[in-house]
Each structure stands twice: as structure tokens, then as C-alpha cells.
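*Asks:* Take this structure, written in C-alpha cells, and hold onto it; I'll ask about it next.
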Amino acid sequence: MAAVTAVGRSAPEWRGGFGRLWTAAVVSRFGDALRAAALPLLAVRLTDDAFAIAAVTACGYAPWLLFGLLGGAVADRVDQRRAMWTVDAARGLLVAGFALAVGLEHASIPLLLVLAFALTTLQTVFDNASTALLPSLVDRETLGGANARLMTGQQVAGGLLAGPCVPLLLVGGAFLPFAANAGTYLLAAALVASLPARPPGRQPRPAGSTLRAEIGEGLRFLWRDRPLRAVCAATLLCNIGMGALIATLVLHVTRWLHAGTAGYAAGLTAYSAGSIAGGLVAQRIARRTGRVRALLFAGAVQTAALLLIGWARYLPALLVGMLLLGAMSMVWNVNQVTLMQQRSPGPMAGRVASAFRTASASGAPLGALLGGAVAGAYGPNGPALLAAGTFALAVVSLIPAGKPDVSVVAPHDDATRRHLTP
């Protein structure tokens, strides 16, 4: 059975397509962040109904639960490069139409709901295709470095650069952030379309194969792969905790710490800064420890950070906690995605990614509901302590998968891969 090392030791080449994919991802994330910041402000202008405003956010979650598995199966059936640029072009046109509606003062809450739902539905295809495409653009041993550079660039664009631009754009009109987002989608589509065409690298589908059967193959593969199954369960637990924290963080800062909106903004900035730092060290940590042990380390530090946030009632402790939380979240994300790419057979990469994302993403809305209930019953710091508990459970659940650390098996060795154990 062919095997390669678990952690790459070199940076990816910017030539050969990765540089263009990186630029497209960063540009697209910048536009997404503009829209994400402007959309709630527009919703508040359109209605005072808190439920209607929350429904806009809910529509951003629902398609992953409804169509996430289907998006992965579609990504494995089609040319991933073409799927990505087609989806980005469609999203660009949708958001451009919405920007026009806002400019003409025809925006409404139902239109916001439709936009949020449609964009996330398209995203289920785009994200799974992107995960499956990256291993064909870089050498396999540089996947970790490639993921770290992608995620760090996206965090800089979306977490630090986009926020200050929104007030400046809003001076020119409420439609401008959406028009800018449309432009970023179209630019990203052009960049992805310019990527070199590559052979599909997949076996022809059996006669009579259906999307339902192919989705089932992805689910069974994820279930049978013990390390990936363990990481998926741990990520689900982490998402429950993060959902609880994010949904109530503004209450934690303003009502428990009495730090006001400035404290809330400082906490988000600390998280973004930590994420960038985490992207710079994620591959170094994995190189020393292996990918699963890197996840164990990240989860343990995040647990400590959440305990600090939940117990220490002063703003500097929150900032330190958010900085550590952001850094280790990036370490987790880089190594989790890379491990999934390395252990998934190429022809099934989209389906395995969609099964993983759909299962783990379901924790966020559940965590948000739990966070609201805990904050109401035990105080605004309760969700942070709840999150510390779920992260601790995630770390414990990962310990068996890290002994010994997981090896990486060549992606085309499918017959043996089906029953691989670490």
C-alpha cells in the first residue's frame, strides 16, 4: 500500500494555478464580509421584528443542512473548476440584482431571506468543489501549507480589511457594499475560469448510478474511516460551543463585562488577529506533532481560553482569551481540512467533504439555541463555560485517534482505503 508523509514540509508553488485560486478565494471572502456586515444593518432599517431579522441569519444556515450532501455529490460529478466559476458568476449576478433593488429602494425582508438562502445553496457546491480541487493544484505534501495560506489570506481580507470599508461604502449609499460584493464574485469567477484545465481524474460512474447512491458512498466512507469520523464528531462538539459563544458574545461583553460596543469590537478584532497568527503557525505545529495531535493541542488551548473568558470578569482577559481562541481555531481548521483532503480518495473528495461539513455544521444552530437558554438561566458568562465543556469533550473524543497519529494514504488506493485503520 502506497503511503506518503502525514505533514507536508514545503510551501506550495504559486504557479500552476494555486496563486490564482488563492487570489480568487481572498477576493471572494472580502466581498462576502462586506455583504455580511451590511446585511444586518439593512435588515434593521427594514423592520423592527427581531424574529424576522434572526430569520435572515437562519436562512444562511438552512441550505447546508438541506443541500450540503447534494452539493458534494454534484461537485464530484462535474468539472470542479467549471462548477466554481459558474457558481461565482451566478452569485455575482444575484447580488448585483439585489444591489440594484436596494438602490431603487425595493429591498424587503422577504427579498433578504431569498438572497441569503440562494447564496448559501450555491455555496454548498462551491465549497465542496474547492476542497476537492485544491489537491490537484498543489503537490500532496504541500496541502497543509496551501490550506494555511488560503485561510490566512481569507481571514486578513474578511476579518481585518472588509470591516473598516463598510462604513465608507455606506456613505455612498446602502447599495454599495452589495455592488462591491457582486464585483468580487465576478472577478473571482474570471480567476477560477483561467485555471489550467486538468483531466477529471475519476473513474466513470457505473451505469444507473444515482445521486442518492453516490451520497450514500460518501457517508459510508466517512463513517468507516475512524480518524475522520472522530475528527467530525469533535468538530461537531466544537461547533456547538462556538455557536453558543458567538450567539451571546455581545451580551457577555456588554452586560457581564460592561465593556460596551467598543469592548465587543475589540474582542472581535482580537479573534481576527489571533486567526491570522494561527494561520502562520498551523503547519509548523502539525509538522512537529502530526495532524491529529495538532487538533488535540488546539482543542486543549481553546478549552483553557474559554474558561478564561467565562471566569475572568475583566476586558483584558476576554481579549487574551479571544486571541488564543482565534489562533487555535485556525490551527484546527487548517489541519482538519488538510486531513480530510489527504485521507479522501480523489473521486470521492467532494462527497466526503460535504458529509463532514453537513454533520459538523449542524452543531452551530443547536449551540446558538443552547447558548441563549444558558445565558438566560445562568448569566451571560454561562455560554462561554458551556463552550469550554463541549471543547473539553471534543479533546477527549480525539485522544484514541491520535495514538498513533494518523498516516496519509495515497488517494488512488481506494480498495485498501475503504478499511484503513490508523
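Chain labels run A, B, ... following the order of the C-alpha cells; each chain numbers its residues from 1, and ligands are numbered from 1 in the order shown.
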Any idea what's packed within 12 Å of Gly145 (chain A), counting only C-alpha atoms, ignoring anything in its chain fewer than 3 positions away? Could you give it as a VMD selection string?

*Replies:* chain A and resid 7 to 14 18 134 to 135 138 to 142 148 to 152 279 to 287 331 334 to 335 337 to 338

*Asks:* For the selection just defined, write its residues with N, CA and C atoms to a file, as a compact mmCIF listing (two decimals), in the first residue's frame.

*Replies:*
# COMPACT_ATOMS: atom_id res chain seq x y z
N VAL A 7 2.49 15.06 7.11
CA VAL A 7 2.56 16.52 7.16
C VAL A 7 3.55 17.00 6.11
N GLY A 8 3.09 17.90 5.22
CA GLY A 8 3.98 18.43 4.20
C GLY A 8 5.05 19.33 4.80
N ARG A 9 6.23 19.39 4.14
CA ARG A 9 7.34 20.15 4.67
C ARG A 9 7.71 21.34 3.79
N SER A 10 6.96 21.60 2.75
CA SER A 10 7.33 22.70 1.87
C SER A 10 6.10 23.51 1.51
N ALA A 11 6.35 24.76 1.10
CA ALA A 11 5.27 25.65 0.72
C ALA A 11 4.80 25.33 -0.69
N PRO A 12 3.53 25.60 -0.99
CA PRO A 12 3.04 25.33 -2.35
C PRO A 12 3.60 26.33 -3.35
N GLU A 13 3.73 25.90 -4.58
CA GLU A 13 4.14 26.80 -5.66
C GLU A 13 2.97 27.71 -6.03
N TRP A 14 3.25 29.01 -6.17
CA TRP A 14 2.19 29.93 -6.56
C TRP A 14 1.84 29.76 -8.03
N PHE A 18 -2.32 27.68 -8.18
CA PHE A 18 -2.62 27.96 -6.78
C PHE A 18 -2.69 29.45 -6.52
N LEU A 134 -8.39 21.66 -4.78
CA LEU A 134 -7.08 22.10 -4.31
C LEU A 134 -6.00 21.02 -4.43
N PRO A 135 -6.26 19.74 -4.06
CA PRO A 135 -5.19 18.75 -4.18
C PRO A 135 -4.67 18.54 -5.60
N VAL A 138 -1.78 21.58 -6.19
CA VAL A 138 -0.52 21.63 -5.44
C VAL A 138 -0.04 20.21 -5.20
N ASP A 139 1.25 20.06 -4.92
CA ASP A 139 1.77 18.76 -4.55
C ASP A 139 1.13 18.31 -3.25
N ARG A 140 0.96 17.00 -3.14
CA ARG A 140 0.24 16.46 -1.98
C ARG A 140 0.91 16.81 -0.66
N GLU A 141 2.25 16.85 -0.65
CA GLU A 141 2.93 17.14 0.60
C GLU A 141 2.85 18.61 1.00
N THR A 142 2.35 19.48 0.12
CA THR A 142 2.22 20.90 0.45
C THR A 142 0.78 21.31 0.74
N ALA A 148 -3.20 26.59 4.85
CA ALA A 148 -2.87 27.66 5.79
C ALA A 148 -2.83 29.01 5.09
N ARG A 149 -2.24 29.07 3.89
CA ARG A 149 -2.16 30.33 3.16
C ARG A 149 -3.54 30.78 2.69
N LEU A 150 -4.35 29.84 2.23
CA LEU A 150 -5.71 30.20 1.82
C LEU A 150 -6.51 30.79 2.98
N MET A 151 -6.51 30.09 4.10
CA MET A 151 -7.34 30.52 5.23
C MET A 151 -6.82 31.80 5.87
N THR A 152 -5.50 31.95 5.93
CA THR A 152 -4.94 33.18 6.49
C THR A 152 -5.26 34.37 5.60
N GLY A 279 -2.78 31.00 11.48
CA GLY A 279 -2.50 30.55 10.13
C GLY A 279 -1.02 30.48 9.84
N LEU A 280 -0.24 31.33 10.50
CA LEU A 280 1.21 31.34 10.28
C LEU A 280 1.92 30.17 10.96
N VAL A 281 1.32 29.63 12.03
CA VAL A 281 2.00 28.57 12.79
C VAL A 281 1.33 27.21 12.64
N ALA A 282 0.17 27.13 11.96
CA ALA A 282 -0.59 25.88 11.91
C ALA A 282 0.24 24.74 11.33
N GLN A 283 0.94 25.01 10.25
CA GLN A 283 1.72 23.96 9.60
C GLN A 283 2.94 23.57 10.43
N ARG A 284 3.53 24.55 11.14
CA ARG A 284 4.69 24.25 11.97
C ARG A 284 4.29 23.32 13.13
N ILE A 285 3.13 23.59 13.72
CA ILE A 285 2.67 22.73 14.81
C ILE A 285 2.41 21.32 14.30
N ALA A 286 1.74 21.22 13.16
CA ALA A 286 1.44 19.90 12.60
C ALA A 286 2.71 19.16 12.23
N ARG A 287 3.71 19.90 11.76
CA ARG A 287 4.96 19.26 11.36
C ARG A 287 5.65 18.62 12.56
N VAL A 331 -5.60 26.92 13.62
CA VAL A 331 -4.81 25.69 13.64
C VAL A 331 -5.72 24.48 13.45
N VAL A 334 -7.17 24.47 9.62
CA VAL A 334 -6.17 24.10 8.62
C VAL A 334 -5.90 22.60 8.66
N ASN A 335 -5.69 22.06 9.84
CA ASN A 335 -5.33 20.64 9.96
C ASN A 335 -6.52 19.72 9.74
N VAL A 337 -9.13 20.34 7.65
CA VAL A 337 -9.41 20.30 6.22
C VAL A 337 -8.32 19.51 5.49
N THR A 338 -7.06 19.73 5.87
CA THR A 338 -5.96 19.02 5.20
C THR A 338 -6.06 17.52 5.43

*Asks:* Which one of A:His258, A:Arg343, A:Arg229, A:Arg351 sits closest to Glu217 (chain A) if you count only C-alpha atoms?

*Replies:*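 The shortest atom-to-atom distance to Glu217 (chain A) comes from A:Arg351.
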
*Asks:* Quick one: distance from CA of Phe30 (chain A) to CA of Tyr264 (chain A) in Å, one decimal?

*Replies:*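 Computing it gives 21.2 Å between the two atoms.
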
*Asks:* Could you give me, as a tab-separated table, every region 139-252 of chain A residue with an atom at most 7 Å from region 269-277 of chain A, plus its closest atom pair and distance in Å to one decimal, counting only C-alpha atoms, rows ordered by chain then number?

*Replies:*
residue	atom	partner	partner_atom	distance
A:Thr152	CA	A:Ile276	CA	5.4
A:Gln155	CA	A:Ile276	CA	6.4
A:Val156	CA	A:Ile276	CA	6.7
A:Gly159	CA	A:Ser272	CA	5.5
A:Leu160	CA	A:Ser272	CA	6.8

*Asks:* Excluding Tyr61 (chain A) and its own-chain neighbours fewer than 3 positions away, which residues fall within 10 Å of it when counting only C-alpha atoms? Please give them as a ChimeraX atom specification.

*Replies:* /A:55-58,64-66,116-117,120-121,361-362,364-365

*Asks:* From the list A:Asn381, A:Ser354, A:Thr47, A:Gln336, which residue is nearest Ala230 (chain A) when using only C-alpha atoms?

*Replies:*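 Smallest distance to Ala230 (chain A) is found for A:Gln336.
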
*Asks:* Near region 370-379 of chain A, counting only C-alpha atoms, which residues have an atom at most 8 Å away, once you skip same-chain residues fewer than 3 positions from it, shown as a ChimeraX atom specification?

*Replies:* /A:243-245,247-248,256,366-367,382-383,386

*Asks:* Convert the current residue selection to file output with all heavy atoms, as a PDB file, in the first residue's frame.

*Replies:*
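Below is the file that was written, out13.pdb:
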ATOM      1  N   GLY A 243     -21.108  28.038  18.514  1.00  0.00           N
ATOM      2  CA  GLY A 243     -22.429  28.598  18.259  1.00  0.00           C
ATOM      3  C   GLY A 243     -22.993  29.274  19.497  1.00  0.00           C
ATOM      4  O   GLY A 243     -23.579  30.363  19.426  1.00  0.00           O
ATOM      5  N   ALA A 244     -22.811  28.636  20.665  1.00  0.00           N
ATOM      6  CA  ALA A 244     -23.289  29.217  21.920  1.00  0.00           C
ATOM      7  C   ALA A 244     -22.558  30.514  22.236  1.00  0.00           C
ATOM      8  O   ALA A 244     -23.170  31.511  22.658  1.00  0.00           O
ATOM      9  CB  ALA A 244     -23.105  28.210  23.057  1.00  0.00           C
ATOM     10  N   LEU A 245     -21.237  30.516  22.033  1.00  0.00           N
ATOM     11  CA  LEU A 245     -20.450  31.716  22.360  1.00  0.00           C
ATOM     12  C   LEU A 245     -20.774  32.868  21.423  1.00  0.00           C
ATOM     13  O   LEU A 245     -21.018  33.999  21.869  1.00  0.00           O
ATOM     14  CB  LEU A 245     -18.962  31.376  22.285  1.00  0.00           C
ATOM     15  CG  LEU A 245     -18.016  32.538  22.593  1.00  0.00           C
ATOM     16  CD1 LEU A 245     -18.086  32.911  24.060  1.00  0.00           C
ATOM     17  CD2 LEU A 245     -16.581  32.202  22.190  1.00  0.00           C
ATOM     18  N   ALA A 247     -23.370  33.460  19.533  1.00  0.00           N
ATOM     19  CA  ALA A 247     -24.743  33.971  19.622  1.00  0.00           C
ATOM     20  C   ALA A 247     -24.935  34.902  20.817  1.00  0.00           C
ATOM     21  O   ALA A 247     -25.838  35.746  20.805  1.00  0.00           O
ATOM     22  CB  ALA A 247     -25.725  32.801  19.700  1.00  0.00           C
ATOM     23  N   THR A 248     -24.114  34.748  21.848  1.00  0.00           N
ATOM     24  CA  THR A 248     -24.320  35.518  23.089  1.00  0.00           C
ATOM     25  C   THR A 248     -23.130  36.401  23.446  1.00  0.00           C
ATOM     26  O   THR A 248     -23.122  37.005  24.524  1.00  0.00           O
ATOM     27  CB  THR A 248     -24.585  34.548  24.254  1.00  0.00           C
ATOM     28  OG1 THR A 248     -23.463  33.663  24.399  1.00  0.00           O
ATOM     29  CG2 THR A 248     -25.843  33.732  24.014  1.00  0.00           C
ATOM     30  N   TRP A 256     -22.158  41.560  31.045  1.00  0.00           N
ATOM     31  CA  TRP A 256     -21.381  40.924  32.121  1.00  0.00           C
ATOM     32  C   TRP A 256     -20.087  41.676  32.386  1.00  0.00           C
ATOM     33  O   TRP A 256     -19.712  41.910  33.529  1.00  0.00           O
ATOM     34  CB  TRP A 256     -21.089  39.463  31.751  1.00  0.00           C
ATOM     35  CG  TRP A 256     -20.653  38.628  32.920  1.00  0.00           C
ATOM     36  CD1 TRP A 256     -21.378  38.324  34.034  1.00  0.00           C
ATOM     37  CD2 TRP A 256     -19.374  37.995  33.075  1.00  0.00           C
ATOM     38  NE1 TRP A 256     -20.644  37.531  34.877  1.00  0.00           N
ATOM     39  CE2 TRP A 256     -19.404  37.309  34.322  1.00  0.00           C
ATOM     40  CE3 TRP A 256     -18.230  37.925  32.295  1.00  0.00           C
ATOM     41  CZ2 TRP A 256     -18.338  36.574  34.798  1.00  0.00           C
ATOM     42  CZ3 TRP A 256     -17.152  37.197  32.768  1.00  0.00           C
ATOM     43  CH2 TRP A 256     -17.207  36.523  33.997  1.00  0.00           C
ATOM     44  N   LEU A 366     -27.677  24.542  16.826  1.00  0.00           N
ATOM     45  CA  LEU A 366     -28.018  23.940  18.114  1.00  0.00           C
ATOM     46  C   LEU A 366     -27.313  24.673  19.246  1.00  0.00           C
ATOM     47  O   LEU A 366     -27.910  24.972  20.289  1.00  0.00           O
ATOM     48  CB  LEU A 366     -27.621  22.462  18.108  1.00  0.00           C
ATOM     49  CG  LEU A 366     -27.756  21.713  19.442  1.00  0.00           C
ATOM     50  CD1 LEU A 366     -29.196  21.720  19.920  1.00  0.00           C
ATOM     51  CD2 LEU A 366     -27.223  20.292  19.312  1.00  0.00           C
ATOM     52  N   GLY A 367     -26.023  24.985  19.049  1.00  0.00           N
ATOM     53  CA  GLY A 367     -25.284  25.711  20.066  1.00  0.00           C
ATOM     54  C   GLY A 367     -25.846  27.099  20.320  1.00  0.00           C
ATOM     55  O   GLY A 367     -25.881  27.565  21.464  1.00  0.00           O
ATOM     56  N   GLY A 382     -22.358  32.215  31.111  1.00  0.00           N
ATOM     57  CA  GLY A 382     -22.638  30.786  31.063  1.00  0.00           C
ATOM     58  C   GLY A 382     -22.303  30.128  29.738  1.00  0.00           C
ATOM     59  O   GLY A 382     -21.714  29.043  29.719  1.00  0.00           O
ATOM     60  N   PRO A 383     -22.644  30.755  28.589  1.00  0.00           N
ATOM     61  CA  PRO A 383     -22.320  30.112  27.308  1.00  0.00           C
ATOM     62  C   PRO A 383     -20.829  29.872  27.100  1.00  0.00           C
ATOM     63  O   PRO A 383     -20.440  28.871  26.487  1.00  0.00           O
ATOM     64  CB  PRO A 383     -22.872  31.108  26.277  1.00  0.00           C
ATOM     65  CG  PRO A 383     -24.000  31.775  26.985  1.00  0.00           C
ATOM     66  CD  PRO A 383     -23.544  31.905  28.411  1.00  0.00           C
ATOM     67  N   LEU A 386     -20.127  26.801  28.987  1.00  0.00           N
ATOM     68  CA  LEU A 386     -20.707  25.685  28.233  1.00  0.00           C
ATOM     69  C   LEU A 386     -19.791  25.316  27.069  1.00  0.00           C
ATOM     70  O   LEU A 386     -19.526  24.124  26.824  1.00  0.00           O
ATOM     71  CB  LEU A 386     -22.087  26.078  27.703  1.00  0.00           C
ATOM     72  CG  LEU A 386     -22.726  25.121  26.685  1.00  0.00           C
ATOM     73  CD1 LEU A 386     -23.044  23.773  27.321  1.00  0.00           C
ATOM     74  CD2 LEU A 386     -23.983  25.739  26.072  1.00  0.00           C
TER      75      LEU A 386
END

*Asks:* Work out how far apart CA of Leu34 (chain A) and CA of Asn181 (chain A) are and give it in Å to one decimal.

*Replies:*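 Computing the Euclidean distance for CA of Leu34 (chain A) and CA of Asn181 (chain A) yields 6.6 Å.
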